[in-house]
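For reference, protein-v2.cif is printed below; it contains mmCIF, C-alpha atoms.
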data_target
#
loop_
_atom_site.label_atom_id
_atom_site.label_comp_id
_atom_site.auth_asym_id
_atom_site.auth_seq_id
_atom_site.Cartn_x
_atom_site.Cartn_y
_atom_site.Cartn_z
CA MET A 1 0.00 0.00 0.00
CA SER A 2 1.41 3.37 -0.94
CA GLU A 3 2.18 6.11 1.58
CA THR A 4 -0.15 8.43 -0.30
CA HIS A 5 -3.02 6.09 0.32
CA ILE A 6 -2.21 5.62 4.00
CA PHE A 7 -2.11 9.33 4.69
CA ALA A 8 -4.96 10.27 2.37
CA ASN A 9 -7.01 13.02 3.96
CA PRO A 10 -9.99 12.78 4.20
CA PRO A 11 -9.79 9.05 4.82
CA THR A 12 -10.59 6.73 1.97
CA SER A 13 -14.17 5.57 1.60
CA GLU A 14 -12.97 2.04 2.28
CA PHE A 15 -11.63 3.11 5.65
CA GLU A 16 -14.79 5.09 6.38
CA ALA A 17 -16.76 1.92 5.75
CA LEU A 18 -14.53 0.09 8.22
CA VAL A 19 -15.13 2.82 10.81
CA ARG A 20 -18.88 2.53 10.32
CA GLU A 21 -18.75 -1.23 10.58
CA HIS A 22 -16.58 -1.48 13.67
CA GLN A 23 -17.26 1.63 15.72
CA VAL A 24 -20.12 0.25 17.82
CA GLY A 25 -18.29 -2.90 18.85
CA LEU A 26 -15.01 -1.13 19.42
CA ARG A 27 -16.59 1.45 21.69
CA ALA A 28 -18.35 -1.27 23.70
CA PHE A 29 -15.08 -3.20 23.95
CA ILE A 30 -13.23 -0.10 25.17
CA ARG A 31 -15.85 0.62 27.79
CA ALA A 32 -15.51 -2.94 29.12
CA LEU A 33 -11.74 -2.47 29.32
CA GLY A 34 -12.33 0.13 32.02
CA ILE A 35 -12.54 3.48 30.27
CA GLU A 36 -14.87 6.09 31.75
CA GLU A 37 -18.14 6.48 29.86
CA VAL A 38 -17.41 10.05 28.74
CA TRP A 39 -14.01 9.14 27.31
CA VAL A 40 -14.97 6.01 25.37
CA ASP A 41 -15.42 7.80 22.03
CA ASP A 42 -12.18 9.67 22.52
CA VAL A 43 -10.17 6.48 22.99
CA ALA A 44 -12.04 4.77 20.14
CA GLN A 45 -11.12 7.63 17.81
CA ASP A 46 -7.51 7.35 18.95
CA ALA A 47 -7.64 3.67 18.04
CA PHE A 48 -9.04 4.39 14.57
CA VAL A 49 -6.43 7.09 13.96
CA VAL A 50 -3.67 4.66 14.94
CA ALA A 51 -5.20 1.96 12.72
CA TYR A 52 -5.39 4.39 9.82
CA ARG A 53 -1.76 5.39 10.24
CA ARG A 54 -0.66 1.78 10.46
CA LEU A 55 -2.83 0.24 7.80
CA GLU A 56 0.26 -1.17 6.17
CA ASP A 57 0.77 -3.34 9.28
CA PHE A 58 -2.64 -4.93 8.91
CA GLU A 59 -2.47 -8.36 7.40
CA GLU A 60 -5.04 -8.67 4.67
CA GLY A 61 -7.46 -11.50 5.11
CA THR A 62 -7.24 -11.41 8.90
CA ASP A 63 -9.86 -10.08 11.31
CA PHE A 64 -9.83 -6.27 11.18
CA GLY A 65 -11.99 -6.02 14.31
CA LYS A 66 -9.55 -8.13 16.27
CA TRP A 67 -6.67 -5.97 15.07
CA LEU A 68 -8.53 -2.84 16.12
CA ARG A 69 -9.23 -4.30 19.54
CA SER A 70 -5.55 -5.10 19.99
CA ILE A 71 -4.74 -1.45 19.20
CA ALA A 72 -7.37 -0.31 21.68
CA ARG A 73 -5.99 -2.64 24.33
CA HIS A 74 -2.52 -1.13 23.89
CA LEU A 75 -3.96 2.38 24.14
CA VAL A 76 -5.78 1.55 27.36
CA ALA A 77 -2.71 -0.16 28.81
CA ASN A 78 -0.70 2.97 27.94
CA GLU A 79 -3.39 5.04 29.59
CA ARG A 80 -2.80 3.08 32.76
CA ARG A 81 0.89 4.00 32.62
CA LYS A 82 0.33 7.71 32.06
CA GLU A 83 -0.22 9.46 35.35
CA ALA A 84 -1.65 12.61 33.83
CA ARG A 85 -4.28 10.89 31.74
CA ARG A 86 -5.72 8.52 34.31
CA SER A 87 -8.94 10.46 34.39
CA ARG A 88 -10.00 8.64 31.23
CA LEU A 89 -10.04 5.37 33.18
CA LEU A 90 -12.54 4.04 35.66
CA PRO A 91 -11.17 4.09 39.23
CA LEU A 92 -7.76 2.49 38.86
CA ALA A 93 -8.31 -0.51 41.09
CA VAL A 94 -11.31 -1.57 39.00
CA ALA A 95 -9.70 -0.69 35.67
CA ASP A 96 -6.69 -2.83 36.59
CA VAL A 97 -8.86 -5.88 37.19
CA LEU A 98 -10.80 -5.40 33.97
CA LEU A 99 -7.65 -4.95 31.94
CA ALA A 100 -5.89 -7.89 33.59
CA HIS A 101 -8.74 -10.27 32.81
CA GLU A 102 -9.63 -8.93 29.40
CA GLU A 103 -7.61 -11.55 27.52
CA ASN A 104 -10.13 -14.16 28.66
CA ASN A 105 -12.67 -12.45 26.44
CA GLU A 106 -10.53 -12.42 23.32
CA SER A 107 -12.65 -15.01 21.53
CA VAL A 108 -15.98 -13.39 22.39
CA SER A 109 -17.84 -12.29 19.30
CA LEU A 110 -20.21 -9.40 19.73
CA ASP A 111 -23.53 -9.93 17.99
CA LEU A 112 -24.38 -6.36 18.71
CA CYS A 113 -27.53 -5.87 16.65
CA HIS A 114 -29.05 -8.91 18.31
CA TRP A 115 -28.30 -7.59 21.76
CA LEU A 116 -29.45 -4.10 21.02
CA SER A 117 -32.70 -5.37 19.59
CA ALA A 118 -33.30 -7.50 22.70
CA MET A 119 -32.46 -4.51 24.85
CA GLN A 120 -34.94 -2.29 23.04
CA ASP A 121 -37.67 -4.88 23.55
CA CYS A 122 -36.85 -5.16 27.23
CA VAL A 123 -36.76 -1.40 27.79
CA SER A 124 -40.10 -0.95 26.00
CA GLN A 125 -41.64 -3.31 28.56
CA LEU A 126 -40.58 -1.10 31.47
CA PRO A 127 -43.05 1.26 33.15
CA PRO A 128 -43.10 4.70 31.43
CA ARG A 129 -41.40 6.34 34.41
CA SER A 130 -38.48 3.93 34.23
CA GLN A 131 -38.20 4.46 30.48
CA GLU A 132 -38.14 8.20 31.04
CA LEU A 133 -35.41 7.82 33.64
CA LEU A 134 -33.29 5.79 31.21
CA ARG A 135 -33.92 8.32 28.46
CA ARG A 136 -32.72 11.17 30.63
CA ARG A 137 -29.76 9.18 31.84
CA TYR A 138 -28.55 8.03 28.44
CA ALA A 139 -30.09 10.26 25.75
CA ALA A 140 -29.72 13.48 27.71
CA GLY A 141 -26.52 12.41 29.47
CA GLU A 142 -27.57 13.26 33.02
CA ASN A 143 -26.13 11.21 35.85
CA ALA A 144 -27.92 10.23 39.07
CA SER A 145 -26.85 13.34 40.96
CA SER A 146 -28.01 15.81 38.33
CA LEU A 147 -31.25 13.86 37.83
CA ALA A 148 -31.84 13.94 41.58
CA ARG A 149 -31.39 17.69 41.66
CA GLU A 150 -33.83 18.21 38.82
CA LEU A 151 -36.40 15.74 40.14
CA ARG A 152 -35.89 17.00 43.71
CA LEU A 153 -35.13 13.50 44.89
CA ASN A 154 -32.37 11.97 46.92
CA ALA A 155 -29.37 10.98 44.74
CA ASP A 156 -29.20 7.57 46.46
CA ALA A 157 -32.83 6.93 45.60
CA VAL A 158 -32.26 7.81 41.94
CA ARG A 159 -29.14 5.64 41.82
CA GLN A 160 -31.05 2.74 43.39
CA THR A 161 -33.93 3.14 40.94
CA LEU A 162 -31.55 3.24 37.99
CA LEU A 163 -29.81 0.14 39.26
CA ARG A 164 -33.09 -1.74 39.67
CA VAL A 165 -34.02 -0.78 36.10
CA ARG A 166 -30.65 -1.94 34.80
CA LEU A 167 -30.89 -5.26 36.63
CA ALA A 168 -34.42 -5.80 35.29
CA VAL A 169 -33.31 -5.08 31.73
CA LYS A 170 -30.32 -7.38 32.03
CA GLU A 171 -32.47 -10.20 33.41
CA CYS A 172 -35.00 -9.67 30.62
CA ILE A 173 -32.24 -9.89 27.99
CA GLN A 174 -30.91 -13.02 29.61
CA LYS A 175 -34.34 -14.64 29.33
CA LYS A 176 -34.82 -13.51 25.73
CA THR A 177 -31.49 -14.89 24.64
CA GLY A 178 -31.68 -18.09 26.64
CA GLY A 179 -28.55 -17.30 28.54
CA ALA A 180 -26.42 -16.97 25.41
CA TRP A 181 -24.59 -13.87 26.52
CA LEU A 182 -22.36 -11.35 24.93
CA MET B 183 -18.66 -9.75 48.79
CA SER B 184 -22.40 -10.00 49.31
CA PRO B 185 -24.66 -9.61 46.25
CA ALA B 186 -26.28 -6.55 47.82
CA ARG B 187 -22.94 -4.85 48.40
CA TYR B 188 -21.77 -5.67 44.88
CA GLU B 189 -24.94 -4.17 43.43
CA GLU B 190 -24.54 -1.04 45.52
CA LEU B 191 -20.98 -0.57 44.27
CA LEU B 192 -22.00 -1.43 40.71
CA GLY B 193 -24.66 1.28 40.84
CA ARG B 194 -22.13 3.85 41.98
CA LEU B 195 -19.59 2.78 39.37
CA LEU B 196 -22.13 3.14 36.55
CA GLU B 197 -22.96 6.62 37.82
CA GLN B 198 -19.29 7.62 38.07
CA GLU B 199 -19.71 8.08 41.79
CA LEU B 200 -17.43 5.39 43.15
CA SER B 201 -14.94 6.56 45.76
CA GLU B 202 -11.36 5.24 45.71
CA GLU B 203 -12.07 3.22 48.84
CA ASP B 204 -15.19 1.70 47.28
CA ALA B 205 -13.21 1.02 44.10
CA ARG B 206 -10.60 -0.94 46.06
CA GLU B 207 -13.34 -2.97 47.75
CA LEU B 208 -15.04 -3.66 44.43
CA ALA B 209 -11.71 -4.61 42.83
CA ARG B 210 -11.05 -7.13 45.62
CA GLY B 211 -14.47 -8.68 44.99
CA LEU B 212 -13.87 -8.78 41.25
CA ARG B 213 -10.46 -10.39 41.63
CA GLU B 214 -11.89 -13.17 43.78
CA ASP B 215 -15.01 -13.87 41.78
CA ALA B 216 -14.99 -14.46 38.03
CA ALA B 217 -18.80 -14.35 37.93
CA LEU B 218 -18.79 -10.81 39.31
CA ARG B 219 -16.21 -9.77 36.72
CA GLU B 220 -18.37 -11.19 33.98
CA ASP B 221 -21.43 -9.47 35.37
CA LEU B 222 -19.67 -6.11 35.48
CA ARG B 223 -18.33 -6.55 31.96
CA ARG B 224 -21.84 -7.30 30.66
CA HIS B 225 -23.27 -4.23 32.35
CA LEU B 226 -20.54 -2.06 30.88
CA LEU B 227 -21.08 -3.49 27.39
CA LEU B 228 -24.86 -3.36 27.50
CA TRP B 229 -25.19 0.17 28.80
CA GLU B 230 -22.49 1.40 26.46
CA LEU B 231 -24.49 -0.01 23.54
CA TRP B 232 -27.61 1.63 24.93
CA SER B 233 -25.87 4.97 25.33
CA GLN B 234 -24.66 4.85 21.72
CA SER B 235 -28.14 4.03 20.46
CA GLN B 236 -29.86 6.76 22.47
CA SER B 237 -27.61 9.78 22.22
CA ALA B 238 -27.50 11.72 18.95
CA GLU B 239 -24.05 12.97 19.90
CA ARG B 240 -22.86 9.37 19.90
CA SER B 241 -24.44 8.24 16.65
CA ALA B 242 -22.36 6.44 14.03
CA GLU B 243 -22.43 9.57 11.85
CA ALA B 244 -21.30 11.84 14.67
CA PHE B 245 -18.54 9.39 15.52
CA LEU B 246 -17.35 9.23 11.91
CA ASN B 247 -17.37 13.03 11.62
CA SER B 248 -15.41 13.36 14.83
CA PHE B 249 -12.93 10.78 13.61
CA LYS B 250 -12.40 12.73 10.38
CA THR B 251 -11.89 15.92 12.35
CA ARG B 252 -9.46 14.18 14.69
CA LEU B 253 -7.56 12.78 11.74
CA ARG B 254 -7.24 16.19 10.15
CA ALA B 255 -6.10 17.71 13.43
CA SER B 256 -3.49 15.00 13.92
CA ASP B 257 -2.22 15.49 10.38
CA GLU B 258 -0.58 18.71 11.46
CA ASP B 259 3.11 17.95 11.36
CA ALA B 260 6.15 20.16 11.54
CA ARG B 261 6.20 20.85 7.80
CA ALA B 262 2.58 21.93 7.74
CA PHE B 263 3.12 24.05 10.81
CA SER B 264 5.97 25.96 9.25
CA ASP B 265 3.96 26.28 6.02
CA ALA B 266 1.13 27.86 7.96
CA VAL B 267 3.50 30.37 9.57
CA ARG B 268 5.02 31.18 6.16
CA VAL B 269 1.54 31.76 4.71
CA ARG B 270 0.68 34.08 7.57
CA ILE B 271 3.85 36.08 7.11
CA LYS B 272 3.30 36.24 3.36
CA ASN B 273 -0.29 37.42 3.84
CA GLU B 274 0.89 40.12 6.19
CA ASP B 275 3.40 41.31 3.62
CA ARG B 276 0.74 41.33 0.88
CA ALA B 277 -1.92 43.08 2.91
CA GLY B 278 0.34 45.98 3.80
CA GLN B 279 0.49 47.33 7.29
CA THR B 280 -1.70 49.94 8.92
CA GLU B 281 1.16 50.78 11.26
CA PRO B 282 4.80 51.29 10.36
CA ARG B 283 6.71 48.10 10.80
CA ARG B 284 9.46 48.12 13.34
CA ALA B 285 12.96 48.14 11.95
CA GLY B 286 14.32 44.65 11.66
CA ASP B 287 10.93 42.94 11.51
CA SER B 288 11.57 41.55 8.05
CA ALA B 289 14.94 40.23 9.02
CA VAL B 290 13.53 38.63 12.13
CA ARG B 291 10.69 37.02 10.19
CA GLY B 292 12.97 35.92 7.41
CA GLY B 293 15.25 34.26 9.92
CA ILE B 294 12.33 32.65 11.68
CA THR B 295 10.95 31.32 8.42
CA SER B 296 14.27 29.85 7.46
CA GLN B 297 14.83 28.30 10.88
CA LEU B 298 11.33 26.86 10.90
CA GLY B 299 12.06 25.19 7.61
CA SER B 300 15.15 23.46 8.91
CA LEU B 301 13.50 22.52 12.19
CA ALA B 302 10.55 21.16 10.28
CA GLY B 303 12.92 18.95 8.35
CA ALA B 304 14.55 17.72 11.54
CA ILE B 305 11.22 16.92 13.14
CA ALA B 306 9.99 15.22 10.00
CA ARG B 307 13.11 13.02 10.09
CA LEU B 308 12.46 12.28 13.75
CA ARG B 309 8.89 11.31 12.93
CA GLN B 310 10.13 9.02 10.21
CA GLY B 311 12.38 7.29 12.70
CA ARG B 312 15.69 8.34 11.15
CA LEU B 313 16.71 10.04 14.36
CA ARG B 314 15.67 8.16 17.43
CA ARG B 315 17.24 10.14 20.25
CA PRO B 316 14.41 11.54 22.38
CA GLY B 317 16.64 14.44 23.44
CA LEU B 318 16.82 15.68 19.86
CA ALA B 319 13.07 15.54 19.52
CA LEU B 320 12.68 17.56 22.69
CA VAL B 321 15.21 20.16 21.60
CA ALA B 322 13.58 20.44 18.17
CA SER B 323 10.11 20.76 19.71
CA LEU B 324 11.30 23.41 22.14
CA GLY B 325 12.96 25.21 19.24
CA VAL B 326 9.69 25.31 17.35
CA ALA B 327 7.90 26.63 20.43
CA VAL B 328 10.44 29.42 20.91
CA LEU B 329 10.34 30.34 17.24
CA LEU B 330 6.56 30.34 17.28
CA ALA B 331 6.67 32.81 20.16
CA LEU B 332 9.19 34.96 18.24
CA ALA B 333 7.05 34.78 15.11
CA TRP B 334 4.01 35.88 17.09
CA LEU B 335 5.86 38.77 18.66
CA GLY B 336 7.33 39.64 15.28
CA PHE B 337 3.88 40.23 13.79
CA PRO B 338 2.90 43.87 13.45
CA ARG B 339 0.05 45.14 15.62
CA SER B 340 -2.32 45.18 12.68
CA ALA B 341 -2.54 41.40 13.11
CA GLN B 342 -4.88 42.16 15.98
CA ALA B 343 -7.38 43.92 13.71
CA LEU B 344 -10.69 42.24 12.86
CA THR B 345 -10.11 39.12 10.86
CA THR B 346 -12.38 36.53 9.31
CA ILE B 347 -11.90 32.84 9.81
CA ARG B 348 -13.68 30.12 7.91
CA GLY B 349 -13.76 26.57 9.17
CA GLU B 350 -15.75 24.00 11.04
CA ALA B 351 -17.75 24.77 14.17
CA VAL B 352 -16.78 22.10 16.66
CA CYS B 353 -17.31 21.54 20.36
CA THR B 354 -14.10 20.67 22.22
CA ALA B 355 -16.05 18.16 24.30
CA CYS B 356 -18.70 16.58 22.04
CA VAL B 357 -16.75 16.62 18.79
CA LEU B 358 -13.05 16.77 19.62
CA HIS B 359 -13.25 15.09 23.04
CA GLN B 360 -10.36 17.22 24.22
CA THR B 361 -12.04 18.77 27.25
CA ARG B 362 -14.76 17.89 29.70
CA GLU B 363 -16.17 21.40 29.41
CA HIS B 364 -18.21 22.13 26.29
CA LEU B 365 -16.30 24.95 24.58
CA PRO B 366 -17.17 26.28 21.12
CA ALA B 367 -14.25 26.33 18.72
CA VAL B 368 -13.52 26.77 15.04
CA LEU B 369 -11.23 24.32 13.30
CA VAL B 370 -9.58 26.04 10.35
CA ILE B 371 -8.12 23.71 7.75
CA ARG B 372 -5.33 25.03 5.53
CA GLY B 373 -4.12 22.40 3.15
CA HIS B 374 -2.62 19.68 5.31
CA SER B 375 -2.57 21.77 8.46
CA SER B 376 -5.23 22.90 10.87
CA GLU B 377 -5.61 25.47 13.63
CA LEU B 378 -8.09 25.37 16.45
CA TYR B 379 -9.53 28.70 17.62
CA TYR B 380 -11.33 28.62 20.95
CA LEU B 381 -14.20 31.09 20.79
CA SER B 382 -14.62 33.48 23.70
CA THR B 383 -18.01 33.36 25.34
CA ASN B 384 -19.96 36.45 24.37
CA ARG B 385 -23.19 37.51 22.72
CA ALA B 386 -22.00 36.30 19.33
CA THR B 387 -21.62 32.75 20.61
CA ALA B 388 -24.51 32.75 23.07
CA ASN B 389 -27.09 30.01 22.45
CA MET B 390 -25.03 28.57 19.61
CA GLN B 391 -23.61 25.55 21.45
CA PRO B 392 -26.03 23.11 19.73
CA TYR B 393 -24.45 24.00 16.38
CA PHE B 394 -21.00 23.28 17.79
CA CYS B 395 -22.03 20.03 19.48
CA GLY B 396 -23.76 18.94 16.30
CA GLY B 397 -20.61 19.73 14.34
CA PRO B 398 -18.45 19.74 12.41
CA THR B 399 -20.60 22.45 10.79
CA PRO B 400 -19.29 25.04 8.30
CA VAL B 401 -18.90 28.41 9.99
CA VAL B 402 -17.61 31.90 9.25
CA ALA B 403 -16.55 34.07 12.19
CA GLU B 404 -15.29 37.63 12.31
CA GLY B 405 -13.35 38.97 15.26
CA LYS B 406 -9.95 39.25 16.85
CA ALA B 407 -7.56 36.37 17.21
CA LYS B 408 -5.02 36.15 19.99
CA GLN B 409 -2.82 33.59 21.62
CA HIS B 410 -3.22 32.85 25.30
CA ASP B 411 -1.64 30.08 27.39
CA GLY B 412 -0.32 28.44 24.26
CA ARG B 413 -3.66 28.24 22.49
CA LEU B 414 -5.43 30.37 19.93
CA SER B 415 -8.54 32.15 21.03
CA PHE B 416 -10.96 34.16 18.97
CA ASP B 417 -13.09 36.99 20.29
CA ALA B 418 -15.86 36.93 17.71
CA VAL B 419 -18.08 39.87 16.87
CA SER B 420 -20.12 37.71 14.54
CA VAL B 421 -20.50 34.00 14.01
CA ASN B 422 -22.33 32.70 10.96
CA ILE B 423 -23.27 29.06 10.84
CA VAL B 424 -23.45 28.25 7.16
CA ASN B 425 -26.73 26.57 6.49
CA THR B 426 -25.99 23.89 3.94
CA ASN B 427 -29.71 23.64 3.14
CA SER B 428 -29.99 27.24 2.06
CA SER B 429 -27.74 29.87 0.58
CA GLN B 430 -28.17 32.16 3.59
CA PRO B 431 -25.99 31.71 6.64
CA ARG B 432 -27.55 32.09 10.08
CA PRO B 433 -25.83 35.01 11.78
CA ALA B 434 -25.34 35.90 15.40
CA LYS B 435 -23.94 39.32 16.17
CA ASN B 436 -22.02 40.42 19.23
#
As structure tokens, how would this structure be written, given the file I've shared?
Amino acid sequence: MSETHIFANPPTSEFEALVREHQVGLRAFIRALGIEEVWVDDVAQDAFVVAYRRLEDFEEGTDFGKWLRSIARHLVANERRKEARRSRLLPLAVADVLLAHEENNESVSLDLCHWLSAMQDCVSQLPPRSQELLRRRYAAGENASSLARELRLNADAVRQTLLRVRLAVKECIQKKTGGAWL
Amino acid sequence: MSPARYEELLGRLLEQELSEEDARELARGLREDAALREDLRRHLLLWELWSQSQSAERSAEAFLNSFKTRLRASDEDARAFSDAVRVRIKNEDRAGQTEPRRAGDSAVRGGITSQLGSLAGAIARLRQGRLRRPGLALVASLGVAVLLALAWLGFPRSAQALTTIRGEAVCTACVLHQTREHLPAVLVIRGHSSELYYLSTNRATANMQPYFCGGPTPVVAEGKAKQHDGRLSFDAVSVNIVNTNSSQPRPAKN
């Protein structure tokens, strides 16, 4: 592959297609590696930029998603080593455990559309108030504390309610998929 | 760790409200129990997927746009940087000055331009791996920083007159993911280089954050540019979001 192609700007349509295809799974993977919710997209973009720069290292015919995940894993491991940038990680003790045990999940394939579809079904079965809470939490990006302030509720109560909703959704998905998990 | 305690800590973790002490306790539980680790991983994956599907700012299109912007921003290498400075100096020379230039300005700028060129070459070689001594990279980078400061000081005062910038309206949080705070900025692309202007908060930028968070969106801004704490800022008197669906831009005046 020529250098001109590698550094083409804007990226080639082929690479754009790869970004579209892999961005959902890569972001989910990065989150599970222990990156804070608000920094997931940032790290994922870093990974795509690195992949774009190093396209010549990618072995054609092999799994591009797996290659991307290995880049992301390196980025997160580097994050752990950089004192100044630790804010992108979950609390370190937890991030360390997630990163240390991540290799066990190497072979997991993410059937993301399937899971998202199951999740949408499960959320639609929730009471309207719970659905609204999830909408505000995830579509509007408010966390439990800010929701509590707006709803004039105790932050612990909001956190507990959100947790109960999450557990209910997860259980519902588990039933729908017959235990075949992510 | 009891299931109730795990769930309590899980709830706090997912709300980014886990203390360091709680984190250590949760980590101990996770280390000892593979089932808990798997449960946490599933929650992280599931709710990340949900977040992506629910938030417009995290859509596939928004992600792709942000990636393109990031790629352009990272394309700025030493050669492009020196090119941009040369273009600026050339534009200044062409435009003519409203104030008499100080004696020696041309010589200073000429020297700076020449030095930037050679430094750019050195940095480019470093980037290509021909020179691998980190000390050299540091010296070269510091050299560029010093010369940038000299170049800035070498500009005549007319550089502070009203100028127009054209670029992409971007939010430093939602689009560039560089800051936690949502700051409006304009990314100006010049060939292979780019410059990021942080917009000052004023009447011209008031109520325009949605355009920046929904960016990159074409924008034209008029105002005064300055450099502060190593970054470019722009005090806009007008900001026009270019409406791609109509020929008329939507203006906001200071």
For this session: Between B:Pro185, B:Gly211, B:Pro366, B:Gly349, single out the one closest to B:Ala403, counting only C-alpha atoms.
Result: B:Gly349
Problem set entry | Residue members of the PyMOL selection byres ((chain A) within 6 of (chain B)) in the file shown, as a VMD selection string | chain A and resid 28 32 42 45 93 to 94 138 to 139 143 163
For this session: To one decimal in Å, tell me the separation between atom CA of B:Leu218 and atom CA of A:Asp96.
Result: 14.7 Å
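Between atom CA of A:Ile30 and atom CA of A:Ala44 there is a distance of 7.1 Å.
Distances here use all atoms listed in the file; by that measure, the residue among B:Ala244, B:Ser184, B:Leu365, B:Glu214 closest to B:Phe394 is B:Leu365.
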Problem set entry | Between atom CA of A:Glu37 and atom CA of A:Ala155 - distance in Å to one decimal | 19.2 Å
Problem set entry | Protein/DNA/RNA residues near (-27.7, -10.1, 28.3), cut 12 Å, all atoms listed in the file, as a VMD selection string | (chain A and resid 110 to 112 114 to 120 122 166 to 182) or (chain B and resid 220 to 229 231)
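Distances here use only C-alpha atoms; by that measure, the residue among A:Ala157, A:Asp46, A:Ser130, A:His22 closest to B:Ala255 is A:Asp46.
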Problem set entry | Among the residues A:Leu18, A:Val165, A:Leu89, A:Val49, the one that comes closest to A:Pro127 [using only C-alpha atoms] |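 Nearest to A:Pro127: A:Val165.
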Problem set entry | Residues near A:His74, cut-off 12 Å, only C-alpha atoms, skip fewer than 2 positions along chain, as a list in words |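 The filter keeps Ile30, Leu33, Val43, Ala44, Asp46, Ala47, Val50, Ala51, Trp67, Leu68, Arg69, Ser70, Ile71, Ala72, Val76, Ala77, Asn78, Glu79, Arg80, Arg81, Leu99 and Glu102 of chain A.
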Problem set entry | Result set, the PyMOL selection byres ((chain B and resi 386) around 10) on current file, as a ChimeraX atom specification | /B:381-385,387-390,403-405,417-422,433-436
Save the residues we just selected, C-alpha atoms, as a PDB file, in the coordinates of the input?
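Saved as again-v5.pdb:
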ATOM      1  CA  LEU B 381     -14.200  31.090  20.790  1.00  0.00           C
ATOM      2  CA  SER B 382     -14.620  33.480  23.700  1.00  0.00           C
ATOM      3  CA  THR B 383     -18.010  33.360  25.340  1.00  0.00           C
ATOM      4  CA  ASN B 384     -19.960  36.450  24.370  1.00  0.00           C
ATOM      5  CA  ARG B 385     -23.190  37.510  22.720  1.00  0.00           C
ATOM      6  CA  THR B 387     -21.620  32.750  20.610  1.00  0.00           C
ATOM      7  CA  ALA B 388     -24.510  32.750  23.070  1.00  0.00           C
ATOM      8  CA  ASN B 389     -27.090  30.010  22.450  1.00  0.00           C
ATOM      9  CA  MET B 390     -25.030  28.570  19.610  1.00  0.00           C
ATOM     10  CA  ALA B 403     -16.550  34.070  12.190  1.00  0.00           C
ATOM     11  CA  GLU B 404     -15.290  37.630  12.310  1.00  0.00           C
ATOM     12  CA  GLY B 405     -13.350  38.970  15.260  1.00  0.00           C
ATOM     13  CA  ASP B 417     -13.090  36.990  20.290  1.00  0.00           C
ATOM     14  CA  ALA B 418     -15.860  36.930  17.710  1.00  0.00           C
ATOM     15  CA  VAL B 419     -18.080  39.870  16.870  1.00  0.00           C
ATOM     16  CA  SER B 420     -20.120  37.710  14.540  1.00  0.00           C
ATOM     17  CA  VAL B 421     -20.500  34.000  14.010  1.00  0.00           C
ATOM     18  CA  ASN B 422     -22.330  32.700  10.960  1.00  0.00           C
ATOM     19  CA  PRO B 433     -25.830  35.010  11.780  1.00  0.00           C
ATOM     20  CA  ALA B 434     -25.340  35.900  15.400  1.00  0.00           C
ATOM     21  CA  LYS B 435     -23.940  39.320  16.170  1.00  0.00           C
ATOM     22  CA  ASN B 436     -22.020  40.420  19.230  1.00  0.00           C
TER      23      ASN B 436
END
